[in-house]
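Below: one structure, written as structure tokens.
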Amino acid sequence: MGKYIARRLIQMIPVVLGATFLIYAMVFALPGDPTAGKCGERPCPPAYVAKFKEEHNLNDPLLVQYGKYMAKLVQGDLGTNYYGIPVKEDLQKRYQVTGKLAIMAILFETVIGIFAGVLAGIRKGRFIDNLVLVSTLFVIAVPIFVIGATLQYYLGVKLGLFPVTVSAEATTYELLLPAIVLGSVSVAYVARLTRTNLVENLRADYVRTAVSKGLTKRRAMGVHALRNSLIPVVTFIGADFGGLLGGAIVTERIFNIQGVGGYIFRSISARDGIAVVSAVTVLVLVYLFANLLVDLLYGVLDPRISHD
Amino acid sequence: MTDATLAVSADPTATHAGEDASRSLASDAWRHLRRNPLFWISVVMIVAFVLMALVPQLFTSTDPNEAILRQARERPNADAWFGRDIQGYDIYSRCIYGARASILVGVFTTLATVLIGGFAGIMAGFYGGISDSVVSRITDIFFAIPFLLGAILFMATFPNTVNSPYAVVVLKVVLALAILGWPSIARLMRSSVLQVKPNDYVQAARALGATPLRIIRSHVLPNSMAPVIVVSTINLGAYIAAEATLSFLGLGLVYPAVSWGVMISDAIVALRTTPHILFFPSLFLSLAVLAFIMLGDAVRDAYDPKTR
């Protein structure tokens with residue numbers, strides 16, 4: 001187990017290096033002048049521009065810049081943005097908000113998705129199955145920003161059931177509707193994945209054996225069929241966590257949430273390179289660790305899979 | 001001697017006559033597909049959208065860029081079937097013309113991801129060893145970058161100007177989505193090739209002295225393409241939705257391209273007073289996405305005997 005984790009961690013190093021370099025290169029290829037507009041309605045004096053460039057290593061070749069950045073990063077220093085504010089401070093606040101949003105979305109998609117998938121799977125071909133299939137198809141097909149804007153208007157503005165926008169505190173109640181919107185597409189995938197796998201496993205020999213040796217139907221389904229059907233579902237949910245953090249950008253925009261997505265978006269527009277790279281680097285790390293966690297979970301769900 | 005030759009040459013004719021009994025996987029899948037009403041519904045919808053993309057003049061004679069401000073926000077009427085938007089554009093005409101950008105982005109992105117991902121997957125799966133390690137790590141790097149954020153960064157790095165021609169505007173979106181979309185196809189292709197490679201017919205071809213290129217072309221590729229075809233059909237719908245998301249964020253397609261995403265983005269502000277401006281482009285977008293997802297689902301069911 002320890003050996004497996006160590007190997008996976010070592011494999012992560014080139015991936016993190018490669019991904020951050022790609023992002024770094026793209027960010028610093030961004031057109032535009034980062035000092036634009038910093039000195040009021042006139043161009044900045046050359047002395048200031050020179051000092052600014054010196055401070056942010058903008059004169060070095062790309063690889064040297066990247067090296068200097070990474071050297072600081074491994075010490076846990078995410079640098080300062082172009083306004084002199086440490087990126088770490090900003091990110092801490094914003095990752096709490098986006099993280100909370102993503103975890104709520106994951107909870108929503110796990111609970112509702114698996115429940116709907118199980119309902120559909122055990123009643124294959126019946127009304128509830130078709131209902132789940134059609135409604136999930138509908139949710140997948142309608143773009144998330146249309147779902148978000150429509151729900152915000154009808155549930156928030158017209159019926160007043162949910163807060164329309166999210167304040168800086170981002171309470172759980174305020175994040176409820178955005179989390180449902182964010183998780184809506186994934187909930188459909190989870191439901192369909194659970195259904196497909198459950199239907200397949202319910203016909204497997206070991207389930208028939210379990211039933212014929214006298215287990216209750218509930219136990220045969222819950223313990224034998226469902227547990228095996230959940231492996232692809234767990235894979236999906238694990239990979240989805242990183243995707244939700246990144247994909248939250250649309251939801252955050254609709255509900256005015258002060259999260260990471262908005263931060264990255266604004267930093268891109270402001271040509272604030274370090275802020276973008278650091279924020280995305282954290283996303284990449286979260287994604288990789290979520291995947292590792294999922295792979296370790298396999299062993300719990302399926303005893304045949306071992307990492308020794 | 002003559003008897004033996006006769007017996008050998010008689011064999012192929014025998015199997016030929018009994019083709020109905022032993023069909024190939026593809027023809028078996030086609031027989032199953034033919035009887036699936038969902039398949040025909042999606043095909044009809046896709047043909048309609050492709051026709052709209054190729055010859056929009058068949059459906060409307062109104063210029064999509066003709067703005068009649070006097071009639072802005074007009075509700076659906078006999079003159080403008082879907083009403084007019086905030087700028088006074090004819091929504092029906094723009095919905096028809098918008099198909100072109102979406103279909104182009106979807107088709108080209110899918111083609112690019114299948115080509116890049118398929119090539120990478122074969123390099124990794126068929127050749128193995130060092131080639132596998134290198135290609136798999138590169139795939140991991142691109143896979144670790146969040147899809148939407150990566151696309152946003154790419155679009156911000158290579159922004160459109162007012163004078164960008166239509167083809168450049170569309171191709172940039174294709175490139176952004178393809179660069180971040182190919183790893184999933186590469187992984188799929190790799191695992192699919194790994195499943196085909198140990199088969200007897202591949203070993204036989206190798207024993208007969210076939211070159212690796214020939215083995216790939218006539219043995220490995222035809223037998224490992226099925227899952228890639230299914231997933232990329234579903235992805236085609238997802239790319240259309242992704243283009244709309246980018247356009248919604250203001251980074252995707254711009255004038256002169258007419259796009260459902262841009263229309264939806266412009267319509268969000270009108271949701272409260274004139275929701276028809278949002279409804280129609282959303283409907284077209286959802287139907288297009290739905291058509292490709294349904295087609296992919298139908299093809300998967302046809303190829304997978306277990307789900308019958």
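Each chain in the structure tokens gets a letter, A, B, ..., in the order shown, and its residues are numbered from 1; ligands are numbered from 1 in order too.
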Using only C-alpha atoms, I'd like every residue of chain B that has an atom within 6 Å of chain A; please write them out as a CSV table (one decimal) with C-alpha atoms, in the first residue's frame.
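Result file result-v9.csv:
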chain,number,residue,atom,x,y,z
B,141,ILE,CA,-0.5,16.4,-18.1
B,144,ALA,CA,-5.0,17.4,-15.3
B,146,PRO,CA,-9.3,21.7,-15.9
B,157,THR,CA,-4.1,34.1,-24.9
B,286,SER,CA,-30.4,21.5,-26.3
B,289,VAL,CA,-26.8,18.3,-27.9
B,290,LEU,CA,-29.6,15.8,-27.3
Inset, instruction - Using backbone DSSP assignments, extract all helix (DSSP H, G or I) residues from segment 78-257 of chain B; output them as a PyMOL selection string. - result: chain B and resi 91-127+129-144+147-157+166-196+200-207+212-248
Inset, instruction - Find the residue from A:Val74, A:Leu101, A:Leu182, A:Ile13 that sits nearest to Val166 of chain A; use only C-alpha atoms when measuring. - result: A:Leu101
Legend entry - Spatial neighbours of segment 192-197 of chain B, max dist 7 Å, only C-alpha atoms, sep filter under 2 positions, as JSON, numbers by chain: {"B": [122, 125, 126, 188, 189, 190, 199, 202, 220, 223, 224]}
With N, CA and C atoms retained, could you export that selection as a PDB file, in the first residue's frame?
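So again07.pdb came out as:
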ATOM      1  N   ILE B 122      -2.852   4.616 -29.716  1.00  0.00           N
ATOM      2  CA  ILE B 122      -2.209   3.482 -30.391  1.00  0.00           C
ATOM      3  C   ILE B 122      -0.724   3.430 -30.052  1.00  0.00           C
ATOM      4  N   GLY B 125      -0.664   2.102 -26.459  1.00  0.00           N
ATOM      5  CA  GLY B 125      -1.181   0.756 -26.255  1.00  0.00           C
ATOM      6  C   GLY B 125      -0.468  -0.290 -27.078  1.00  0.00           C
ATOM      7  N   PHE B 126      -0.172   0.028 -28.334  1.00  0.00           N
ATOM      8  CA  PHE B 126       0.383  -0.993 -29.217  1.00  0.00           C
ATOM      9  C   PHE B 126       1.878  -1.180 -29.009  1.00  0.00           C
ATOM     10  N   LEU B 188      -8.972   6.053 -23.707  1.00  0.00           N
ATOM     11  CA  LEU B 188      -9.936   5.054 -24.154  1.00  0.00           C
ATOM     12  C   LEU B 188      -9.319   4.158 -25.227  1.00  0.00           C
ATOM     13  N   MET B 189      -8.643   4.807 -26.192  1.00  0.00           N
ATOM     14  CA  MET B 189      -8.036   4.074 -27.302  1.00  0.00           C
ATOM     15  C   MET B 189      -6.954   3.141 -26.771  1.00  0.00           C
ATOM     16  N   ARG B 190      -6.162   3.628 -25.818  1.00  0.00           N
ATOM     17  CA  ARG B 190      -5.076   2.823 -25.267  1.00  0.00           C
ATOM     18  C   ARG B 190      -5.633   1.541 -24.643  1.00  0.00           C
ATOM     19  N   ASN B 199      -4.990 -10.813 -28.751  1.00  0.00           N
ATOM     20  CA  ASN B 199      -5.834 -11.766 -29.476  1.00  0.00           C
ATOM     21  C   ASN B 199      -5.024 -12.605 -30.469  1.00  0.00           C
ATOM     22  N   VAL B 202      -4.096 -11.219 -33.989  1.00  0.00           N
ATOM     23  CA  VAL B 202      -2.991 -10.257 -34.043  1.00  0.00           C
ATOM     24  C   VAL B 202      -1.668 -11.001 -33.989  1.00  0.00           C
ATOM     25  N   VAL B 220      -5.798  -4.189 -35.628  1.00  0.00           N
ATOM     26  CA  VAL B 220      -6.022  -3.538 -34.344  1.00  0.00           C
ATOM     27  C   VAL B 220      -7.075  -2.438 -34.468  1.00  0.00           C
ATOM     28  N   ASN B 223     -10.856  -3.254 -34.858  1.00  0.00           N
ATOM     29  CA  ASN B 223     -11.437  -3.958 -33.715  1.00  0.00           C
ATOM     30  C   ASN B 223     -11.416  -3.155 -32.425  1.00  0.00           C
ATOM     31  N   SER B 224     -10.748  -2.000 -32.443  1.00  0.00           N
ATOM     32  CA  SER B 224     -10.709  -1.220 -31.207  1.00  0.00           C
ATOM     33  C   SER B 224     -11.411   0.125 -31.348  1.00  0.00           C
TER      34      SER B 224
END
Inset, instruction - Name the residues in contact with Val44 of chain B at a cut-off of 12 Å, using only C-alpha atoms, excluding same-chain residues fewer than 3 positions from it; report them as number ranges by chain. - result: B: 37-41, 47-51, 287-288, 291-292, 294-295
Would you mind exporting the chosen residues as an mmCIF file, in the first residue's frame, restricted to N, CA and C atoms?
data_model
loop_
_atom_site.group_PDB
_atom_site.id
_atom_site.type_symbol
_atom_site.label_atom_id
_atom_site.label_comp_id
_atom_site.auth_asym_id
_atom_site.auth_seq_id
_atom_site.Cartn_x
_atom_site.Cartn_y
_atom_site.Cartn_z
ATOM 1 N N PRO B 37 -36.013 3.031 -32.428
ATOM 2 C CA PRO B 37 -36.625 4.297 -32.855
ATOM 3 C C PRO B 37 -35.800 5.521 -32.429
ATOM 4 N N LEU B 38 -35.140 5.448 -31.256
ATOM 5 C CA LEU B 38 -34.335 6.583 -30.799
ATOM 6 C C LEU B 38 -33.238 6.914 -31.804
ATOM 7 N N PHE B 39 -32.681 5.861 -32.423
ATOM 8 C CA PHE B 39 -31.645 6.059 -33.423
ATOM 9 C C PHE B 39 -32.173 6.889 -34.581
ATOM 10 N N TRP B 40 -33.377 6.534 -35.061
ATOM 11 C CA TRP B 40 -33.922 7.250 -36.218
ATOM 12 C C TRP B 40 -34.320 8.673 -35.854
ATOM 13 N N ILE B 41 -34.848 8.859 -34.634
ATOM 14 C CA ILE B 41 -35.197 10.223 -34.205
ATOM 15 C C ILE B 41 -33.943 11.098 -34.206
ATOM 16 N N VAL B 47 -29.676 15.274 -39.237
ATOM 17 C CA VAL B 47 -29.748 15.650 -40.657
ATOM 18 C C VAL B 47 -30.325 17.059 -40.786
ATOM 19 N N ALA B 48 -31.352 17.360 -39.998
ATOM 20 C CA ALA B 48 -31.956 18.692 -40.045
ATOM 21 C C ALA B 48 -30.935 19.758 -39.660
ATOM 22 N N PHE B 49 -30.179 19.511 -38.586
ATOM 23 C CA PHE B 49 -29.200 20.511 -38.144
ATOM 24 C C PHE B 49 -28.068 20.671 -39.158
ATOM 25 N N VAL B 50 -27.650 19.548 -39.756
ATOM 26 C CA VAL B 50 -26.576 19.637 -40.760
ATOM 27 C C VAL B 50 -27.062 20.424 -41.974
ATOM 28 N N LEU B 51 -28.325 20.190 -42.367
ATOM 29 C CA LEU B 51 -28.898 20.954 -43.481
ATOM 30 C C LEU B 51 -28.910 22.443 -43.154
ATOM 31 N N LEU B 287 -31.568 20.692 -28.260
ATOM 32 C CA LEU B 287 -31.955 19.641 -29.203
ATOM 33 C C LEU B 287 -30.726 19.096 -29.936
ATOM 34 N N ALA B 288 -29.808 19.986 -30.303
ATOM 35 C CA ALA B 288 -28.606 19.532 -31.007
ATOM 36 C C ALA B 288 -27.767 18.635 -30.106
ATOM 37 N N ALA B 291 -29.520 15.313 -29.646
ATOM 38 C CA ALA B 291 -29.480 14.431 -30.810
ATOM 39 C C ALA B 291 -28.201 13.593 -30.812
ATOM 40 N N PHE B 292 -27.062 14.243 -30.527
ATOM 41 C CA PHE B 292 -25.802 13.508 -30.573
ATOM 42 C C PHE B 292 -25.678 12.538 -29.389
ATOM 43 N N MET B 294 -28.168 11.040 -27.881
ATOM 44 C CA MET B 294 -29.064 9.907 -28.151
ATOM 45 C C MET B 294 -28.467 8.974 -29.189
ATOM 46 N N LEU B 295 -27.820 9.565 -30.218
ATOM 47 C CA LEU B 295 -27.186 8.737 -31.244
ATOM 48 C C LEU B 295 -26.085 7.878 -30.608
#
Legend entry - Given only C-alpha atoms as the counted atoms, nearest of B:Gly117, B:Pro281, B:Gly209, B:Gly106 to Ser93 of chain B: B:Pro281
